$ cat my_file.cif   # mmCIF, C-alpha atoms
data_work
loop_
_atom_site.label_atom_id
_atom_site.label_comp_id
_atom_site.auth_asym_id
_atom_site.auth_seq_id
_atom_site.Cartn_x
_atom_site.Cartn_y
_atom_site.Cartn_z
CA MET A 1 245.34 218.81 213.75
CA ALA A 2 243.34 215.59 214.02
CA SER A 3 239.97 215.08 212.29
CA ILE A 4 237.03 213.93 214.36
CA PRO A 5 233.48 213.03 213.19
CA TYR A 6 230.75 215.20 214.68
CA ASP A 7 228.53 212.19 215.42
CA ALA A 8 231.27 210.79 217.68
CA LEU A 9 230.77 213.69 220.09
CA MET A 10 228.32 213.78 222.97
CA HIS A 11 227.05 217.27 223.79
CA ARG A 12 227.58 218.28 227.40
CA THR A 13 226.96 222.02 227.68
CA SER A 14 227.17 225.34 225.86
CA GLY A 15 229.19 228.33 227.01
CA PRO A 16 229.12 231.99 225.99
CA VAL A 17 231.03 231.20 222.80
CA ALA A 18 231.89 227.51 222.47
CA GLU A 19 230.17 224.16 222.97
CA ILE A 20 231.58 221.43 225.18
CA PHE A 21 231.44 217.81 224.03
CA LEU A 22 232.42 214.50 225.57
CA LEU A 23 233.98 211.75 223.49
CA PRO A 24 232.19 208.38 223.73
CA GLY A 25 233.81 206.22 226.39
CA GLU A 26 236.09 209.10 227.43
CA ARG A 27 235.67 210.35 230.99
CA THR A 28 238.80 212.44 231.35
CA ARG A 29 238.83 214.68 228.26
CA VAL A 30 236.41 217.05 226.52
CA VAL A 31 236.43 218.85 223.20
CA LYS A 32 235.60 222.55 223.25
CA VAL A 33 234.23 223.45 219.81
CA TYR A 34 234.32 227.04 218.55
CA PRO A 35 231.84 228.46 215.99
CA GLN A 36 234.40 228.59 213.17
CA ALA A 37 237.81 227.29 212.25
CA LEU A 38 240.79 228.99 213.82
CA ASP A 39 242.65 231.19 211.37
CA ARG A 40 246.43 230.88 211.26
CA ARG A 41 247.01 233.93 213.45
CA THR A 42 244.65 232.72 216.18
CA PHE A 43 245.98 229.16 216.04
CA ASN A 44 249.57 230.37 216.38
CA GLY A 45 248.58 232.71 219.19
CA VAL A 46 246.89 229.92 221.13
CA GLU A 47 249.89 227.62 220.69
CA VAL A 48 252.29 230.27 221.98
CA GLU A 49 250.08 231.09 224.98
CA GLN A 50 249.67 227.42 225.88
CA ALA A 51 253.38 226.68 225.60
CA ARG A 52 254.22 229.59 227.89
CA LEU A 53 251.52 228.61 230.38
CA ALA A 54 252.89 225.06 230.48
CA GLY A 55 256.21 226.49 231.64
CA LEU A 56 254.77 228.20 234.73
CA ARG A 57 255.58 226.80 238.14
CA ALA A 58 251.83 226.87 238.78
CA ALA A 59 250.97 225.13 235.48
CA GLY A 60 249.38 222.30 237.46
CA SER A 61 246.59 224.71 238.40
CA VAL A 62 245.80 225.58 234.77
CA VAL A 63 243.57 223.60 232.37
CA LEU A 64 245.81 223.43 229.30
CA VAL A 65 244.94 222.63 225.70
CA GLU A 66 246.17 219.11 224.96
CA GLY A 67 245.32 218.87 221.27
CA TYR A 68 243.34 220.29 218.37
CA ASP A 69 240.53 218.60 216.44
CA GLU A 70 238.90 219.52 213.13
CA LEU A 71 235.22 218.73 212.62
CA PRO A 72 233.83 217.87 209.16
CA ASP A 73 232.00 221.21 209.05
CA GLY A 74 235.33 223.04 209.42
CA ARG A 75 234.97 224.08 213.05
CA THR A 76 237.92 223.72 215.39
CA GLY A 77 237.81 221.85 218.68
CA LEU A 78 240.29 222.17 221.53
CA ARG A 79 240.84 218.98 223.47
CA MET A 80 241.40 219.43 227.19
CA GLU A 81 240.91 217.89 230.59
CA PHE A 82 237.35 217.19 231.74
CA CYS A 83 236.48 218.93 235.01
CA PRO A 84 233.15 217.77 236.47
CA GLN A 85 231.95 221.14 237.77
CA GLY A 86 232.80 224.76 238.28
CA LEU A 87 232.63 227.29 241.07
CA PRO A 88 228.98 228.26 240.36
CA GLU A 89 227.86 224.68 241.00
CA LEU A 90 229.93 224.46 244.19
CA VAL A 91 228.58 227.75 245.54
CA ALA A 92 225.01 226.75 244.67
CA GLY A 93 224.96 224.84 247.94
CA GLY A 94 226.03 227.92 249.89
CA PRO A 95 229.13 230.11 250.37
CA LEU A 96 232.44 228.38 250.97
CA PRO A 97 234.19 228.52 254.36
CA ILE A 98 236.61 231.44 254.74
CA GLY A 99 239.62 229.13 254.86
CA ASP A 100 238.68 227.51 251.57
CA VAL A 101 238.21 230.92 249.96
CA LEU A 102 241.66 232.04 251.10
CA VAL A 103 243.29 228.88 249.74
CA LEU A 104 241.37 229.12 246.47
CA GLY A 105 242.43 232.75 246.12
CA GLN A 106 246.07 231.89 246.83
CA ILE A 107 246.07 229.23 244.11
CA LEU A 108 244.41 231.40 241.46
CA ALA A 109 246.43 234.50 242.36
CA SER A 110 249.66 232.49 242.07
CA VAL A 111 248.72 231.46 238.55
CA LEU A 112 247.92 235.06 237.60
CA ALA A 113 251.08 236.44 239.23
CA GLN A 114 253.32 234.01 237.37
CA ALA A 115 251.51 234.58 234.07
CA HIS A 116 251.64 238.36 234.46
CA GLU A 117 255.35 238.10 235.17
CA ILE A 118 255.90 236.78 231.63
CA GLY A 119 253.40 239.10 229.97
CA LEU A 120 250.33 236.82 229.76
CA VAL A 121 246.84 237.85 230.88
CA HIS A 122 243.80 235.64 231.37
CA GLY A 123 241.46 238.14 229.76
CA GLY A 124 238.12 237.01 231.16
CA LEU A 125 238.25 235.56 234.67
CA THR A 126 234.71 234.62 235.78
CA PRO A 127 233.31 231.89 238.05
CA ALA A 128 232.62 229.73 234.97
CA ASN A 129 236.32 229.17 234.32
CA VAL A 130 237.22 228.33 237.93
CA LEU A 131 236.80 224.56 237.73
CA GLU A 132 237.01 221.61 240.08
CA ARG A 133 238.93 218.61 238.80
CA ALA A 134 237.78 215.05 239.41
CA SER A 135 240.46 214.91 242.13
CA GLY A 136 238.86 217.90 243.88
CA GLN A 137 241.67 220.27 242.97
CA PRO A 138 240.79 223.71 241.57
CA ALA A 139 242.05 224.78 238.14
CA LEU A 140 241.78 227.91 236.01
CA SER A 141 240.60 227.41 232.42
CA ASP A 142 240.19 229.55 229.27
CA PHE A 143 243.48 231.39 229.82
CA GLY A 144 244.66 233.81 227.13
CA VAL A 145 243.45 236.53 224.79
CA SER A 146 243.93 234.99 221.32
CA LEU A 147 240.59 233.16 221.35
CA ARG A 148 238.82 236.08 223.06
CA LEU A 149 239.88 238.43 220.28
CA ARG A 150 238.81 235.92 217.61
CA PHE A 151 235.48 235.05 219.29
CA PRO A 152 234.36 237.99 221.48
CA ARG A 153 231.89 237.09 224.23
CA ASP A 154 228.87 239.07 225.37
CA LEU A 155 230.22 241.06 228.30
CA MET A 156 226.71 241.90 229.48
CA ALA A 157 226.19 238.32 230.67
CA ASP A 158 229.16 238.53 233.04
CA ALA A 159 229.05 242.26 233.79
CA ALA A 160 229.01 241.67 237.54
CA TYR A 161 232.45 239.99 237.28
CA THR A 162 233.93 242.30 234.65
CA ALA A 163 236.20 245.27 235.35
CA PRO A 164 234.70 248.70 234.54
CA GLU A 165 237.39 249.52 231.97
CA VAL A 166 236.62 246.27 230.10
CA LEU A 167 232.93 247.17 229.96
CA ARG A 168 233.81 250.67 228.71
CA ASP A 169 236.45 249.96 226.09
CA GLY A 170 237.26 246.25 226.09
CA GLU A 171 240.70 246.72 227.66
CA LEU A 172 242.11 243.32 228.72
CA SER A 173 244.91 243.77 231.22
CA GLU A 174 246.59 242.43 234.33
CA GLN A 175 244.54 244.87 236.41
CA ALA A 176 241.32 243.52 234.87
CA ASP A 177 242.44 239.99 235.81
CA VAL A 178 242.85 241.09 239.43
CA TYR A 179 239.35 242.63 239.39
CA GLY A 180 237.91 239.38 238.01
CA LEU A 181 239.65 237.37 240.72
CA GLY A 182 238.30 239.69 243.39
CA ALA A 183 234.75 239.25 242.05
CA VAL A 184 235.19 235.47 241.94
CA LEU A 185 236.40 235.34 245.55
CA TYR A 186 233.51 237.61 246.55
CA LEU A 187 231.09 235.06 245.09
CA ALA A 188 232.84 232.17 246.85
CA LEU A 189 232.68 233.97 250.20
CA VAL A 190 229.24 235.59 250.04
CA GLY A 191 227.33 233.33 247.66
CA HIS A 192 226.57 235.98 245.04
CA SER A 193 228.44 238.47 242.88
CA PRO A 194 229.46 241.95 244.09
CA PHE A 195 226.62 243.33 241.92
CA PRO A 196 223.76 240.82 241.92
CA ALA A 197 220.81 241.68 239.70
CA ARG A 198 217.97 243.35 241.54
CA THR A 199 214.30 242.78 240.93
CA GLY A 200 213.21 244.54 237.76
CA GLU A 201 216.76 245.43 236.70
CA THR A 202 217.94 245.09 233.12
CA PRO A 203 221.49 244.03 232.17
CA ASP A 204 222.19 247.69 231.38
CA ASP A 205 221.27 248.61 234.95
CA VAL A 206 223.82 246.12 236.28
CA VAL A 207 226.49 247.57 234.01
CA LEU A 208 225.77 251.08 235.28
CA ARG A 209 226.16 249.94 238.89
CA VAL A 210 229.45 248.22 238.07
CA LEU A 211 230.68 251.46 236.50
CA ARG A 212 229.46 253.81 239.22
CA GLU A 213 228.95 252.05 242.55
CA ALA A 214 231.52 250.62 244.97
CA ALA A 215 231.23 246.92 245.69
CA PRO A 216 229.67 246.34 249.14
CA ALA A 217 232.29 245.53 251.76
CA VAL A 218 232.46 241.99 253.12
CA SER A 219 232.59 241.65 256.87
CA GLY A 220 231.79 239.15 259.57
CA ARG A 221 233.28 237.35 262.54
CA ASP A 222 235.07 234.82 260.36
CA VAL A 223 236.37 237.27 257.73
CA PRO A 224 239.82 238.70 258.50
CA ALA A 225 239.91 242.48 258.21
CA ALA A 226 242.96 242.22 255.93
CA PHE A 227 241.03 240.02 253.51
CA SER A 228 238.02 242.36 253.45
CA GLU A 229 240.36 245.28 252.74
CA LEU A 230 242.13 243.29 250.00
CA LEU A 231 238.84 242.48 248.25
CA GLY A 232 237.87 246.14 248.32
CA ARG A 233 241.12 247.12 246.64
CA MET A 234 240.87 244.33 244.05
CA LEU A 235 237.39 245.62 243.11
CA ALA A 236 238.44 249.27 242.88
CA LYS A 237 236.98 251.18 239.93
CA GLU A 238 240.34 252.58 238.87
CA PRO A 239 242.85 249.97 237.61
CA THR A 240 245.78 251.86 239.19
CA GLU A 241 244.20 251.49 242.64
CA ARG A 242 244.15 247.69 242.49
CA PRO A 243 246.98 245.55 243.89
CA GLU A 244 249.09 243.48 241.54
CA ALA A 245 248.50 239.73 241.58
CA VAL A 246 251.84 239.19 243.33
CA GLU A 247 250.66 241.36 246.23
CA VAL A 248 247.40 239.39 246.40
CA VAL A 249 249.47 236.20 246.75
CA ALA A 250 251.52 237.75 249.55
CA VAL A 251 248.48 238.89 251.53
CA LEU A 252 246.64 235.58 251.19
CA GLU A 253 249.73 233.55 252.00
CA ALA A 254 250.31 235.65 255.11
CA LEU A 255 246.69 235.16 256.18
CA LEU A 256 246.92 231.42 255.70
CA LEU A 257 250.19 231.06 257.56
CA GLN A 258 249.65 233.58 260.31
CA GLY A 259 245.87 233.53 260.68
CA ASP A 260 245.78 237.35 260.73
CA GLY A 261 246.44 237.18 264.47
CA ALA A 262 243.45 234.91 265.13
CA THR A 263 243.55 231.87 267.37
CA ALA A 264 243.10 228.36 266.06
CA ASP A 265 239.60 228.27 267.50
CA GLU A 266 238.62 231.48 265.69
CA PHE A 267 239.88 230.18 262.36
CA ASP A 268 238.07 226.94 261.59
CA PHE A 269 239.52 226.08 258.17
CA ASP A 270 237.74 223.29 256.36
CA ASP A 271 238.88 221.62 253.15
CA PHE A 272 237.43 222.54 249.77
CA ARG A 273 236.27 219.09 248.67
CA ASP A 274 239.10 217.64 250.82
CA GLU A 275 241.66 218.44 248.14
CA LEU A 276 241.72 222.21 247.69
CA ALA A 277 244.20 222.77 250.48
CA ALA A 278 246.42 220.04 249.07
CA ALA A 279 246.59 221.83 245.74
CA ARG A 280 248.16 224.98 247.18
CA VAL A 281 251.06 226.26 245.15
CA ALA A 282 254.03 225.82 247.47
CA GLU A 283 256.59 227.81 245.53
CA VAL A 284 255.21 231.33 245.76
CA ALA A 285 258.17 232.73 247.71
CA PRO A 286 260.10 233.87 244.59
CA LEU A 287 257.10 236.00 243.62
CA LEU A 288 256.60 237.73 246.94
CA PRO A 289 257.86 241.29 247.50
CA THR A 290 259.06 240.33 250.99
CA PRO A 291 260.13 236.93 252.33
CA VAL A 292 257.42 234.82 253.90
CA VAL A 293 258.53 232.58 256.76
CA LYS A 294 256.44 229.43 256.77
CA THR A 295 256.01 228.74 260.47
CA PRO A 296 253.85 225.71 261.30
CA ARG A 297 250.93 226.35 263.58
CA THR A 298 248.47 223.99 265.19
CA ARG A 299 244.71 223.75 265.35
CA LYS A 300 242.31 222.19 267.83
CA ALA A 301 240.00 219.42 266.64
CA PRO A 302 240.37 219.78 262.83
CA SER A 303 237.19 218.76 261.03
CA LYS A 304 238.46 216.89 257.94
CA GLY A 305 241.95 218.00 256.98
CA LEU A 306 244.45 220.73 257.69
CA VAL A 307 244.88 223.86 255.64
CA ILE A 308 247.17 225.67 258.04
CA GLY A 309 248.64 222.34 259.11
CA ALA A 310 249.67 221.72 255.52
CA ALA A 311 252.62 224.06 256.07
CA ALA A 312 253.89 221.79 258.83
CA VAL A 313 253.68 218.75 256.56
CA VAL A 314 255.55 220.57 253.80
CA ALA A 315 258.19 221.60 256.31
CA LEU A 316 258.69 217.98 257.40
CA LEU A 317 258.80 216.66 253.86
CA ALA A 318 261.19 219.41 252.82
CA VAL A 319 263.87 217.72 254.93
CA ALA A 320 264.22 215.07 252.24
CA VAL A 321 263.74 216.94 248.95
CA PRO A 322 265.09 214.56 246.30
CA VAL A 323 267.72 215.19 243.65
CA MET A 324 266.74 212.61 241.07
CA PHE A 325 269.30 212.84 238.29
CA GLY A 326 272.34 210.80 239.22
CA ARG A 327 273.40 212.87 242.26
CA GLU A 328 273.45 211.85 245.87
CA LYS A 329 270.28 212.60 247.87
CA GLN A 330 270.37 214.88 250.86
CA GLN A 331 269.58 211.96 253.15
CA SER A 332 270.63 208.37 252.82
CA GLU A 333 268.00 205.73 253.33
CA PRO A 334 267.77 201.93 253.17
CA GLN A 335 266.01 200.52 250.11
CA GLN A 336 263.13 198.12 250.43
CA ASN A 337 261.61 196.99 247.15
CA ASN A 338 260.30 200.21 245.61
CA THR A 339 260.27 202.02 248.94
CA SER A 340 262.80 203.84 251.08
CA THR A 341 262.34 205.23 254.58
CA SER A 342 263.98 208.27 256.14
CA THR A 343 263.57 208.95 259.84
CA PRO A 344 264.64 212.33 261.22
CA SER A 345 267.05 212.03 264.12
CA ALA A 346 264.59 213.63 266.52
CA ALA A 347 261.79 211.20 265.66
CA PRO A 348 261.33 207.79 267.28
CA SER A 349 261.92 204.64 265.28
CA THR A 350 258.83 203.56 263.35
CA PRO A 351 257.90 200.40 261.44
CA ALA A 352 258.72 200.44 257.73
CA VAL A 353 255.96 201.66 255.43
CA GLU A 354 255.77 200.60 251.80
CA LEU A 355 255.24 203.52 249.43
CA ASN A 356 255.19 202.52 245.77
CA LEU A 357 254.90 204.83 242.79
CA LEU A 358 253.28 203.07 239.84
CA PRO A 359 254.77 203.52 236.33
CA PRO A 360 253.88 207.06 235.18
CA LYS A 361 251.48 207.33 232.23
CA ASP A 362 252.80 209.77 229.62
CA ASN A 363 249.89 211.62 227.93
CA GLY A 364 252.07 213.97 225.88
CA THR A 365 251.38 217.29 227.59
CA SER A 366 250.62 215.73 230.96
CA VAL A 367 251.62 212.72 233.04
CA SER A 368 249.22 210.69 235.19
CA LEU A 369 250.70 209.49 238.48
CA GLN A 370 249.35 206.96 240.96
CA TRP A 371 250.90 205.53 244.08
CA MET A 372 250.07 203.07 246.87
CA SER A 373 251.05 202.97 250.52
CA SER A 374 250.65 200.33 253.21
CA LYS A 375 249.60 203.10 255.61
CA PRO A 376 247.63 206.32 255.11
CA LEU A 377 250.09 209.20 254.79
CA THR A 378 250.26 212.83 253.77
CA TYR A 379 252.10 212.97 250.45
CA ALA A 380 254.27 215.31 248.44
CA VAL A 381 255.04 214.65 244.77
CA TYR A 382 258.36 215.79 243.29
CA VAL A 383 258.79 216.41 239.57
CA ALA A 384 262.24 216.94 238.07
CA GLU A 385 262.98 217.89 234.48
CA GLN A 386 266.25 216.43 233.25
CA GLY A 387 268.64 219.32 232.71
CA GLY A 388 266.27 221.66 234.56
CA LYS A 389 266.60 223.58 237.82
CA GLY A 390 265.85 220.65 240.13
CA ALA A 391 262.81 219.01 241.63
CA GLN A 392 259.59 221.00 241.87
CA THR A 393 257.01 220.21 244.53
CA SER A 394 253.31 219.52 243.99
CA TYR A 395 251.76 219.05 247.43
CA LYS A 396 248.93 216.53 247.17
CA GLY A 397 247.74 215.83 250.71
CA SER A 398 246.13 212.46 251.34
CA GLY A 399 245.22 211.64 247.72
CA THR A 400 247.01 208.89 245.80
CA SER A 401 246.86 210.23 242.23
CA LEU A 402 247.92 213.37 240.41
CA THR A 403 248.05 214.72 236.85
CA VAL A 404 251.17 216.79 236.18
CA ASN A 405 251.54 219.08 233.15
CA VAL A 406 254.80 218.52 231.25
CA VAL A 407 256.47 219.83 228.12
CA PRO A 408 256.30 217.37 225.18
CA GLY A 409 259.67 215.86 224.33
CA LEU A 410 261.44 216.68 227.60
CA LYS A 411 262.57 213.98 230.03
CA TYR A 412 261.28 213.82 233.60
CA CYS A 413 261.63 211.87 236.83
CA PHE A 414 258.97 211.58 239.51
CA GLU A 415 259.14 210.67 243.19
CA VAL A 416 256.54 210.50 245.95
CA GLN A 417 257.28 211.15 249.61
CA GLY A 418 254.88 210.59 252.46
CA THR A 419 254.87 211.33 256.16
CA ASP A 420 252.85 210.16 259.14
CA GLY A 421 254.10 213.13 261.17
CA HIS A 422 257.08 211.22 262.55
CA ALA A 423 258.98 209.70 259.65
CA ILE A 424 259.40 210.35 255.93
CA TYR A 425 258.89 207.55 253.40
CA MET A 426 260.16 207.77 249.83
CA SER A 427 259.19 205.87 246.72
CA LYS A 428 261.72 204.88 244.12
CA PRO A 429 261.97 207.69 241.51
CA LEU A 430 260.56 206.66 238.14
CA PRO A 431 261.28 208.17 234.70
CA ILE A 432 259.49 208.91 231.45
CA ARG A 433 260.98 209.28 227.96
CA GLY A 434 264.25 207.61 228.86
CA ALA A 435 265.23 209.94 231.71
CA THR A 436 267.97 208.65 234.01
CA CYS A 437 266.76 208.81 237.59
CA ASP A 438 268.87 208.33 240.69
CA SER A 439 267.72 205.18 242.43
#
$ encode --input "my_file.cif" --output "structure tokens"
Amino acid sequence: MASIPYDALMHRTSGPVAEIFLLPGERTRVVKVYPQALDRRTFNGVEVEQARLAGLRAAGSVVLVEGYDELPDGRTGLRMEFCPQGLPELVAGGPLPIGDVLVLGQILASVLAQAHEIGLVHGGLTPANVLERASGQPALSDFGVSLRLRFPRDLMADAAYTAPEVLRDGELSEQADVYGLGAVLYLALVGHSPFPARTGETPDDVVLRVLREAAPAVSGRDVPAAFSELLGRMLAKEPTERPEAVEVVAVLEALLLQGDGATADEFDFDDFRDELAAARVAEVAPLLPTPVVKTPRTRKAPSKGLVIGAAAVVALLAVAVPVMFGREKQQSEPQQNNTSTSTPSAAPSTPAVELNLLPPKDNGTSVSLQWMSSKPLTYAVYVAEQGGKGAQTSYKGSGTSLTVNVVPGLKYCFEVQGTDGHAIYMSKPLPIRGATCDS
């Protein structure tokens, strides 16, 4: 644990339990300072939770602890990624478009489903810990129960987003996580919580309504009936009546890919800060109770970017998934500097495009990636752990940078692929920590 002087910190904001500080001259990391030092049991619990979260396929959608700091007064600070704003600030300008809400829900539900699969619960999902990264991607913070047990928060402040059983007896469970996600998506879609405070109400009054009243149903021309029904189930009073997170993923994925039977004109999906759709977790199929066939569909006159169309891009890029550790790739391609081009047989010949991945920056628990292209493309980033199960996909859309969570000490290779809709362009795979990448 590193020592850090208190006067070197710049106060940013205060949360229900901890204070958030910026380091001078540091724009990418914050220190979250708790009221007291972490005892050994809590410290060990946090380390175990963080290590297991880092191993999730959806770890890129989680704000992980990157280090621990000790202040002169004995308090403990957790160093983590700086995210400029959270969901409350984004919704302050009005509810999000239905397409953005579905994509946001799919990302967060995928994280929960994978965490629940290995026995981890978030323990306090509220709008405040649904954050927007500087890149525009959403991420879930404050994951785990070790710190919540050590520093209990005032549940009254977030009663409108807290499951009834948590308000009654403090029970933190997978079912309570699903309730919290439902309340968060309700806010994103409607602009307020399922139980907004009424004029003259006390916090106790809000708690009583959460315990006794059903959340008002969400409806409207743009809201698929299946999504409205899903939210109602997620916000059920009885934990046993709520769907598991894996079912939430399945329903949202089906809505995104099939449009719930709607036409392209009826579903006008905008981008959540242009990057939310790009941050969708592609590898949810192993979690789903039934196979999901990703069939590309088209839209008329997209406004900024494609959410549904992202599936078509992934399908095209999937033709050339790399195998980066000394084995032959699935497609052969001519090399040109740091760029290779692969053209599907059905596509017309296109001019070469230079796609260059810059040397990855190893930050210990994460890696910063940047790349450049001579032509605007839609990109997919592949990450392969040496000795692991093969390359994993992080779909990034039109952006040219990405932060990838990695396990300290393990070797990795990275490759970027891009498509203009006709051809696939591949960067040269680059390593960290002495990995041997296939060139």
$ residues_around --input "my_file.cif" --residues "Val65 (chain A)" --least-positions-apart "3" --cutoff "10 Å" --atoms "all atoms listed in the file" --output "ChimeraX atom specification"
/A:31-32,46-47,49-51,54,62,68,78-81,141-143,365
$ closest_residue --input "my_file.cif" --among "A:Leu140, A:Ala109, A:Val121, A:Val130" --to "Glu171 (chain A)" --atoms "all atoms listed in the file"
A:Val121
$ atom_distance --input "my_file.cif" --atom1 "CA of Val206 (chain A)" --atom2 "CA of Pro88 (chain A)"
19.0 Å
$ residues_around --input "my_file.cif" --residues "Leu230 (chain A)" --least-positions-apart "4" --cutoff "12 Å" --atoms "only C-alpha atoms" --output "PyMOL selection string"
chain A and resi 102+105+178-179+181-183+185-186+217-219+223-226+234-236+241-245+247-252+255
$ closest_residue --input "my_file.cif" --among "A:Pro35, A:Pro359, A:Gly364, A:Gly399" --to "Phe414 (chain A)" --atoms "only C-alpha atoms"
A:Pro359
$ resolve_selection --input "my_file.cif" --expression "the PyMOL selection byres ((chain A and resi 420) around 10)" --output "PyMOL selection string"
chain A and resi 313+316+350+353+375-379+418-419+421-425
$ resolve_selection --input "my_file.cif" --expression "the PyMOL selection byres ((chain A and resi 386) around 6)" --output "mmCIF file with C-alpha atoms, in the coordinates of the input"
data_model
loop_
_atom_site.group_PDB
_atom_site.id
_atom_site.type_symbol
_atom_site.label_atom_id
_atom_site.label_comp_id
_atom_site.auth_asym_id
_atom_site.auth_seq_id
_atom_site.Cartn_x
_atom_site.Cartn_y
_atom_site.Cartn_z
ATOM 1 C CA GLU A 385 262.980 217.890 234.480
ATOM 2 C CA GLY A 387 268.640 219.320 232.710
ATOM 3 C CA GLY A 388 266.270 221.660 234.560
ATOM 4 C CA LYS A 411 262.570 213.980 230.030
ATOM 5 C CA TYR A 412 261.280 213.820 233.600
#
$ residues_around --input "my_file.cif" --residues "Ala139 (chain A)" --least-positions-apart "3" --cutoff "10 Å" --atoms "only C-alpha atoms" --output "PyMOL selection string"
chain A and resi 59-64+83+86+104+107-108+111+129-133+136+276+279
$ write_last_selection --input "my_file.cif" --atoms "C-alpha atoms" --output "mmCIF file, keeping the file's coordinate frame"
data_model
loop_
_atom_site.group_PDB
_atom_site.id
_atom_site.type_symbol
_atom_site.label_atom_id
_atom_site.label_comp_id
_atom_site.auth_asym_id
_atom_site.auth_seq_id
_atom_site.Cartn_x
_atom_site.Cartn_y
_atom_site.Cartn_z
ATOM 1 C CA ALA A 59 250.970 225.130 235.480
ATOM 2 C CA GLY A 60 249.380 222.300 237.460
ATOM 3 C CA SER A 61 246.590 224.710 238.400
ATOM 4 C CA VAL A 62 245.800 225.580 234.770
ATOM 5 C CA VAL A 63 243.570 223.600 232.370
ATOM 6 C CA LEU A 64 245.810 223.430 229.300
ATOM 7 C CA CYS A 83 236.480 218.930 235.010
ATOM 8 C CA GLY A 86 232.800 224.760 238.280
ATOM 9 C CA LEU A 104 241.370 229.120 246.470
ATOM 10 C CA ILE A 107 246.070 229.230 244.110
ATOM 11 C CA LEU A 108 244.410 231.400 241.460
ATOM 12 C CA VAL A 111 248.720 231.460 238.550
ATOM 13 C CA ASN A 129 236.320 229.170 234.320
ATOM 14 C CA VAL A 130 237.220 228.330 237.930
ATOM 15 C CA LEU A 131 236.800 224.560 237.730
ATOM 16 C CA GLU A 132 237.010 221.610 240.080
ATOM 17 C CA ARG A 133 238.930 218.610 238.800
ATOM 18 C CA GLY A 136 238.860 217.900 243.880
ATOM 19 C CA LEU A 276 241.720 222.210 247.690
ATOM 20 C CA ALA A 279 246.590 221.830 245.740
#
$ axis_aligned_box --input "my_file.cif" --around "region 398-405 of chain A" --padding-each-side "4 Å" --output "JSON"
{"center_x": 248.4, "center_y": 214.0, "center_z": 242.2, "size_x": 14.3, "size_y": 18.2, "size_z": 26.2}
$ resolve_selection --input "my_file.cif" --expression "the PyMOL selection byres ((chain A and resi 155) around 12)" --output "ChimeraX atom specification"
/A:16-17,123-126,148,152-154,156-171,203-204,206-207
$ closest_residue --input "my_file.cif" --among "A:Leu358, A:Ser374, A:Ser398, A:Val407" --to "Pro431 (chain A)" --atoms "all atoms listed in the file"
A:Leu358
